[in-house]
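Data first, discussion second: the structure below is written as structure tokens.
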Amino acid sequence: MGRREIAAWLTQKWKLTGDIHLALQDANGNNAGTVSVEIPVGPALDSRVGVQFGRQRQKRKTEFSENANCLQNWLAENTIRKGKALLRTLWRRACLNMLTAEQLRHYSEYGFVKAENILPDDFLIELRSRVDEYALKRRRLPQEMQLTPQYRHWRVFGKTISIRIPLVSPYTLRKIASLQHDDLFRALMFNSRVLDPVEQILGPDIKLQRIDAFYKAPRFGWAIGVHQDAVYWPLAPIDTPDSICNVFCFLDDATENNGCLGFLPRRHREGPLPAQWVDADTKGERHVLPAIYSDAEKVWVPCKAGDAVFFHGMTPHFSGRNRSSKFRRAISISCLSAKLRHTRFTRDIHGHDGPGGEREYIQLRGRSFPECI
Ligand SMILES: O=C(O)CCC(=O)C(=O)O
């Protein structure tokens, strides 16, 4: 394996796990120290970053044992110089994960913020082809995952008729649910590029509410009405600044013409907004009453493929129809503070009955707490 391949391997490892630890050996196979990078996480950037290089006890040697020989040759030339250069590169990339102070202020004030280029091109290609394999039924769908078709509704003589469009092709697909059962999407939901900003917002203890893919088919993909995600979830509190953060990662360019997201800025601070139940994208959705906002308030957030929008679980959001000739695909990852509690019953907090069962939430980072989710 040449240097180029090693670099590719390191990049791949970085991409999937967000960190790198190399155990070094000299030409005789003896421990020559470790190179490790701890990726900066959380708001206390300066104090949490640790970059080490030195003759320390060997760490996690098994992680690169299959590449030991080539790494050994490569690093033996000038371990320290190359190791430090590697760390500098990784360090710069690590810092790219973080939201700036201005972005954090934007999130806190408006309830959302866009972050550009969080997913590198090669990862995007893999993610797109994986969702398409499921959408085209070319990959076996784990039984815990579901393909959800679009609904259509018609008013006939004062009654709503809802038709679930058969899932004949990706053109009728709306959602691929529970992507945590797929290895690539697991890698995405644990990736530092996603979780470092989330940790800046929610703090170090994070759990997963859901990770789903959302399709909007060319011409056919419907608009999504103004709604607040967290009101559906039997959790509390849902409206503190550090309770719930959604990460909406775009796999395709998204504009107003093909279904980018839009938001009602600042309204995440107002708790559950008055809403009505409607049959829309699915049967029975809770849409914010049009009477309480104006179209002038709406802010559209066009994104490029690889960009993500981080938004609070209570931020009212929506998306338009796909009027273009191309698919708009996106992955939505909803993250929870591990300090939230089960309410068991959504009526307690939102004034309506909803599914309130307790369930396990996957730990994405940090610790869990007694009496909490
Ligand atoms: O796919 C979309 O455009 C929006 C999906 C969404 O807002 C949601 O499921 O909460």
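Ligands are numbered from 1 in the order shown, residues from 1 within each chain, and chains are lettered A, B, ... in the order they appear in the structure tokens.
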Exercise. Give the residues close to ligand 1, within 8 Å, counting only C-alpha atoms and all ligand atoms; write them as JSON, numbers by chain.
Key: {"A": [174, 214, 215, 216, 223, 224, 227, 228, 229, 259, 260, 261, 317, 318, 319, 320, 329, 330, 332]}
Please dump the current selection as a PDB file, in the first residue's frame; keep N, CA and C atoms.
ATOM      1  N   ARG A 174     -41.918   8.426   0.401  1.00  0.00           N
ATOM      2  CA  ARG A 174     -41.818   9.639   1.199  1.00  0.00           C
ATOM      3  C   ARG A 174     -40.661   9.534   2.197  1.00  0.00           C
ATOM      4  N   PHE A 214     -35.692  11.414   4.023  1.00  0.00           N
ATOM      5  CA  PHE A 214     -36.888  12.015   3.431  1.00  0.00           C
ATOM      6  C   PHE A 214     -36.685  12.231   1.940  1.00  0.00           C
ATOM      7  N   TYR A 215     -37.574  11.662   1.166  1.00  0.00           N
ATOM      8  CA  TYR A 215     -37.539  11.811  -0.282  1.00  0.00           C
ATOM      9  C   TYR A 215     -38.575  12.832  -0.722  1.00  0.00           C
ATOM     10  N   LYS A 216     -38.228  13.594  -1.721  1.00  0.00           N
ATOM     11  CA  LYS A 216     -39.239  14.403  -2.418  1.00  0.00           C
ATOM     12  C   LYS A 216     -39.035  14.117  -3.891  1.00  0.00           C
ATOM     13  N   ALA A 223     -45.636  19.269  -0.644  1.00  0.00           N
ATOM     14  CA  ALA A 223     -45.198  20.227   0.375  1.00  0.00           C
ATOM     15  C   ALA A 223     -45.488  19.657   1.767  1.00  0.00           C
ATOM     16  N   ILE A 224     -44.712  20.090   2.752  1.00  0.00           N
ATOM     17  CA  ILE A 224     -44.954  19.694   4.145  1.00  0.00           C
ATOM     18  C   ILE A 224     -45.407  20.945   4.892  1.00  0.00           C
ATOM     19  N   HIS A 227     -45.054  22.777  10.958  1.00  0.00           N
ATOM     20  CA  HIS A 227     -45.237  21.937  12.158  1.00  0.00           C
ATOM     21  C   HIS A 227     -44.032  22.038  13.087  1.00  0.00           C
ATOM     22  N   GLN A 228     -44.257  21.590  14.310  1.00  0.00           N
ATOM     23  CA  GLN A 228     -43.181  21.512  15.307  1.00  0.00           C
ATOM     24  C   GLN A 228     -42.974  20.032  15.602  1.00  0.00           C
ATOM     25  N   ASP A 229     -41.751  19.543  15.431  1.00  0.00           N
ATOM     26  CA  ASP A 229     -41.524  18.097  15.592  1.00  0.00           C
ATOM     27  C   ASP A 229     -41.734  17.616  17.024  1.00  0.00           C
ATOM     28  N   GLY A 259     -37.962  21.967  -2.746  1.00  0.00           N
ATOM     29  CA  GLY A 259     -38.288  21.506  -1.401  1.00  0.00           C
ATOM     30  C   GLY A 259     -37.210  21.692  -0.358  1.00  0.00           C
ATOM     31  N   CYS A 260     -36.581  22.884  -0.328  1.00  0.00           N
ATOM     32  CA  CYS A 260     -35.695  23.153   0.811  1.00  0.00           C
ATOM     33  C   CYS A 260     -36.568  23.394   2.050  1.00  0.00           C
ATOM     34  N   LEU A 261     -35.948  23.461   3.210  1.00  0.00           N
ATOM     35  CA  LEU A 261     -36.736  23.734   4.415  1.00  0.00           C
ATOM     36  C   LEU A 261     -36.988  25.226   4.567  1.00  0.00           C
ATOM     37  N   HIS A 317     -41.395  24.479  11.183  1.00  0.00           N
ATOM     38  CA  HIS A 317     -40.728  24.386   9.881  1.00  0.00           C
ATOM     39  C   HIS A 317     -41.651  23.727   8.867  1.00  0.00           C
ATOM     40  N   PHE A 318     -41.249  23.779   7.606  1.00  0.00           N
ATOM     41  CA  PHE A 318     -42.104  23.319   6.510  1.00  0.00           C
ATOM     42  C   PHE A 318     -41.221  23.163   5.283  1.00  0.00           C
ATOM     43  N   SER A 319     -41.747  22.586   4.229  1.00  0.00           N
ATOM     44  CA  SER A 319     -40.998  22.569   2.969  1.00  0.00           C
ATOM     45  C   SER A 319     -41.992  22.599   1.820  1.00  0.00           C
ATOM     46  N   GLY A 320     -41.499  23.078   0.677  1.00  0.00           N
ATOM     47  CA  GLY A 320     -42.398  23.252  -0.474  1.00  0.00           C
ATOM     48  C   GLY A 320     -42.442  21.999  -1.339  1.00  0.00           C
ATOM     49  N   ARG A 329     -33.281  14.497  -1.776  1.00  0.00           N
ATOM     50  CA  ARG A 329     -33.161  13.515  -0.695  1.00  0.00           C
ATOM     51  C   ARG A 329     -32.454  14.165   0.494  1.00  0.00           C
ATOM     52  N   ALA A 330     -32.878  13.791   1.683  1.00  0.00           N
ATOM     53  CA  ALA A 330     -32.267  14.375   2.886  1.00  0.00           C
ATOM     54  C   ALA A 330     -32.354  13.370   4.030  1.00  0.00           C
ATOM     55  N   SER A 332     -32.727  13.138   8.165  1.00  0.00           N
ATOM     56  CA  SER A 332     -33.059  13.919   9.353  1.00  0.00           C
ATOM     57  C   SER A 332     -32.642  13.131  10.599  1.00  0.00           C
TER      58      SER A 332
END
Polymer residues at most 7 Å from Asp205 in chain A, only C-alpha atoms, same-chain spacing of 3 or more positions, as a PDB file with C-alpha atoms, in the first residue's frame:
ATOM      1  CA  SER A 337     -30.547  15.781  25.674  1.00  0.00           C
ATOM      2  CA  ALA A 338     -30.056  12.609  27.735  1.00  0.00           C
ATOM      3  CA  ARG A 365     -22.575  10.615  23.317  1.00  0.00           C
ATOM      4  CA  GLY A 366     -21.870  11.023  27.007  1.00  0.00           C
ATOM      5  CA  ARG A 367     -23.847   9.514  29.870  1.00  0.00           C
ATOM      6  CA  SER A 368     -27.393   8.589  30.747  1.00  0.00           C
TER       7      SER A 368
END
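Closest approach to Ile331 in chain A from the set A:Leu273, A:Leu119, A:Leu235, A:Val278 is made by A:Leu119, with distances taken over only C-alpha atoms.
In this comparison, which uses only C-alpha atoms, the residue of A:Glu109, A:Asp279, A:Asp252, A:Asp196 approaching Ala305 in chain A most closely is A:Asp252.
For the pair CA of Ala280 in chain A and CA of Ile161 in chain A, the separation is 11.1 Å.
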Quiz item: DSSP says helix (DSSP H, G or I) for which residues of range 170-246 of chain A? Put them as JSON, numbers by chain?
Solution: {"A": [170, 171, 172, 179, 180, 181, 183, 184, 185, 186, 187, 188, 189, 190, 192, 193, 194, 195, 196, 197, 198, 199, 200, 201, 202, 229, 230, 231, 232]}
What would the file look like if the residues just selected were written as a JSON list (two decimals), in the first residue's frame with C-alpha atoms?
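Result file follows (again_20.json):
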[["chain", "number", "residue", "atom", "x", "y", "z"],
["A", 170, "PRO", "CA", -38.93, 5.89, -5.46],
["A", 171, "TYR", "CA", -41.40, 8.31, -7.09],
["A", 172, "THR", "CA", -44.00, 7.37, -4.52],
["A", 179, "LEU", "CA", -31.91, 4.22, 9.53],
["A", 180, "GLN", "CA", -30.02, 3.42, 12.74],
["A", 181, "HIS", "CA", -30.29, -0.22, 11.65],
["A", 183, "ASP", "CA", -24.21, 0.53, 9.24],
["A", 184, "LEU", "CA", -23.56, 3.57, 7.03],
["A", 185, "PHE", "CA", -26.26, 5.68, 8.66],
["A", 186, "ARG", "CA", -25.08, 4.57, 12.08],
["A", 187, "ALA", "CA", -21.69, 5.94, 11.08],
["A", 188, "LEU", "CA", -23.39, 9.18, 10.08],
["A", 189, "MET", "CA", -25.33, 9.59, 13.31],
["A", 190, "PHE", "CA", -22.19, 9.02, 15.40],
["A", 192, "SER", "CA", -18.33, 14.19, 14.77],
["A", 193, "ARG", "CA", -19.43, 16.43, 11.92],
["A", 194, "VAL", "CA", -22.97, 15.89, 13.11],
["A", 195, "LEU", "CA", -22.44, 15.48, 16.84],
["A", 196, "ASP", "CA", -19.86, 18.19, 17.57],
["A", 197, "PRO", "CA", -22.31, 20.99, 16.71],
["A", 198, "VAL", "CA", -25.11, 19.13, 18.48],
["A", 199, "GLU", "CA", -22.95, 18.90, 21.58],
["A", 200, "GLN", "CA", -22.32, 22.65, 21.40],
["A", 201, "ILE", "CA", -26.09, 23.07, 21.53],
["A", 202, "LEU", "CA", -27.32, 20.28, 23.82],
["A", 229, "ASP", "CA", -41.52, 18.10, 15.59],
["A", 230, "ALA", "CA", -41.13, 17.85, 19.35],
["A", 231, "VAL", "CA", -44.84, 18.14, 20.11],
["A", 232, "TYR", "CA", -45.27, 14.60, 18.84]]
Quiz item: Skipping near chain neighbours, those fewer than 6 positions away, what residues fall within 12 Å of Leu167 in chain A using only C-alpha atoms, listed as an NGL selection string?
Solution: :A and (134-137 or 146-151 or 173-176)
Exercise. Using only C-alpha atoms, pick whichever of A:Ala213, A:Cys249, A:Ala254, A:Ile206 has the shortest atom-to-atom distance to Asp132 in chain A.
Key: A:Ala213
